[in-house]
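Report on the following structure.
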Amino acid sequence: VSVSDSAVASRVPAAKAARTAPRRRPAPYLFVLPAVLLFTAFKLYPIGRSFVLSLHRTVDGAEVFAGAANYRRLLGDPLFWTALGNSATILAVQVPLMLALATGLAVALNSRLLRGRGLFRLGFFLPMVTGLVAYGIVFSVLLNQRYGLVNWLLESIGGPEIPWLTDPLWARVSLGLALTWHYTGYNAMILLARLQTVPAELYDAAAVDGAGAWRRFRHVTLPGLRPALLLTLVLSTIGTLQIFDEPYVLTGGGPDNATLTIGMYLYQNAFKYFDFGYASAIAYVLAVLIALLGLLQFRVLGDSS
Amino acid sequence: VKAATRGRSLLLTAALSVALASVLVPFGWLCVAATHSSGDVFDSPPPLLPGGHLLANLTALWQSADFGRVLLNSAAIASVYTVLAGAVCTLAGYGLAKFRFRGRGALFAVLMLGLVIPGQVTLVPLFQLMADLRWLDTYQAVVLPNLALPFGIFLMRQSLAAVPDELLDSGRIDGCGELRLFLRVVLPPMRPALAALAIFLFLYQWNDFVWPLIVLRDSSSFTVPVALASLQGVDDTDYGAILAGTALAALPMAALFLLLQKQFVSGLLGGAVKE
């Protein structure tokens, strides 16, 4: 500590000196050190290494520099476009439906008219603690075409036998159903937390002005929910583009690649064909897509604040 | 007016009950199916009441998948992970929340980058790293890579920001060391937030699938999800046994959640959900 430093320190109040003092002490660095070391070794290094890999090809067990060849191959790979299309379909159809459902659920769970609110919240949040593999297995048996419970129920009320997992279109519907079952409660929880911060006076004022239930929802609830909706949208987008576990267990990516996602295609290339360079290129394109979509959502939907 | 309100209340409660029932069907059905043989599960009509095949299913599971070992692997990995990741995330969250130091903003930004960069980007290099270290089929290969979990650090930074600076300052003036201050003054009132973090970490590790699937090759090192997925892949799948295993994987976590849901939900949302 230099002379001028201690001269300054002696002039500020004791409490403030104590607060600013750690700036010259090792304590904060020691607190963050384990996280920094682990993050560098197991996150930053692999992120960098993955980019290097994406510029290489494996030829006879040796890495050969290949420039942008993996990325060029990706552009002309019909399976990659199929996977991208499947992920985009889930993003365009399942995510908005799920968020609408979650919004309705959050509003209902927040309503004073609902009896036993605590129990309902508990029940609707339960799916989110169930592992992806566990619920994938349960859904695959429930949706079995000939012997599953769902088709048995449908037939008992005179409905058709639906090829849930064996028809390309229905397999997508099944995947969407499973995703919705698992994540709606989680999103409703985030929305509910935000909903409870909307002042009751706003609703009272709207009611005094003669606004009906729909207009109160449209002009008070929705604007109040905006930041939470943006958060759930961004989280769902990131999650959807990475989806792997559900199709892996539920449909294996089939039938006819109808439920092949980018996450699955990446896994197949890396750990089935051991084409690490190509898999890394897919990973980087995926990361860029997620970053662009996230930014776009913030720009279009985010508040100026 | 009162009667109308009561009618609306009943209607809403009834509608939500139907919705909840459909959400809970998979759980109820899982409990029933786990007690039936593979043949009975796919009987027509499907079984709706518990059967007497639970013990046989569990025996098959223990024999075909060494499921006792698998449960032990999962419990050990999830417990060790919860303790270590809890420590790493809490320490880092405290450092970021309560100290001003050079590079703090940059460090936080880089850590949060980990939240948005898909885990799949790191999958291949991490696998190669583990193979080079000869760590495949070991617990540390599963546990170490995710210890500095960005979400956990973010959560603890939010929670620990609420610790009053005056409390820390007065401790320092009394000559209390930084580590003692952290352990004796900062942590004790943080119990609810720590409990929420612990539940989250345990669930995360217990349910994690892709990473364990990649680094665990030998069936004696499998965790529960990896073992269940491997059983499902074979030709003559014993669904009675798999569903019994699935129940063993899912129901304890559901019970844990029901027991501790208050701490969990309020801790994750920073006390935001009220009654």
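Each chain in the structure tokens gets a letter, A, B and so on, in the order shown; residues start at 1 in every chain, and ligands are counted from 1 in the order they appear.
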
Can you list every residue of chain A that has an atom at most 6 Å from chain B, with its nearest atom pair and the distance in Å to one decimal, using only C-alpha atoms, ordered by chain then number, as CSV?
residue,atom,partner,partner_atom,distance
A:Ala18,CA,B:Asp169,CA,5.8
A:Arg23,CA,B:Phe101,CA,5.2
A:Pro28,CA,B:Gly95,CA,5.0
A:Phe31,CA,B:Leu91,CA,5.1
A:Val32,CA,B:Ala92,CA,4.2
A:Ala35,CA,B:Ala148,CA,5.0
A:Phe39,CA,B:Ala148,CA,5.8
A:Phe42,CA,B:Pro145,CA,5.1
A:Pro46,CA,B:Thr122,CA,5.0
A:Ile47,CA,B:Thr122,CA,5.5
A:Ser50,CA,B:Pro125,CA,6.0
A:Leu113,CA,B:Ser9,CA,4.6
A:Leu114,CA,B:Thr13,CA,5.4
A:Thr130,CA,B:Ala250,CA,5.6
A:Gly131,CA,B:Asn207,CA,4.6
A:Val133,CA,B:Pro225,CA,5.7
A:Ala134,CA,B:Thr246,CA,5.4
A:Tyr147,CA,B:Phe42,CA,5.0
A:Ala193,CA,B:Val273,CA,4.8
A:Ala283,CA,B:Val121,CA,4.8
A:Ala287,CA,B:Ile117,CA,5.9

Could you write out, as a PyMOL selection string, all the residues of segment 110-263 of chain A that DSSP marks as helix (DSSP H, G or I)? chain A and resi 110+117-129+132-142+149-156+168-195+200-208+213-242+245-250+262-263
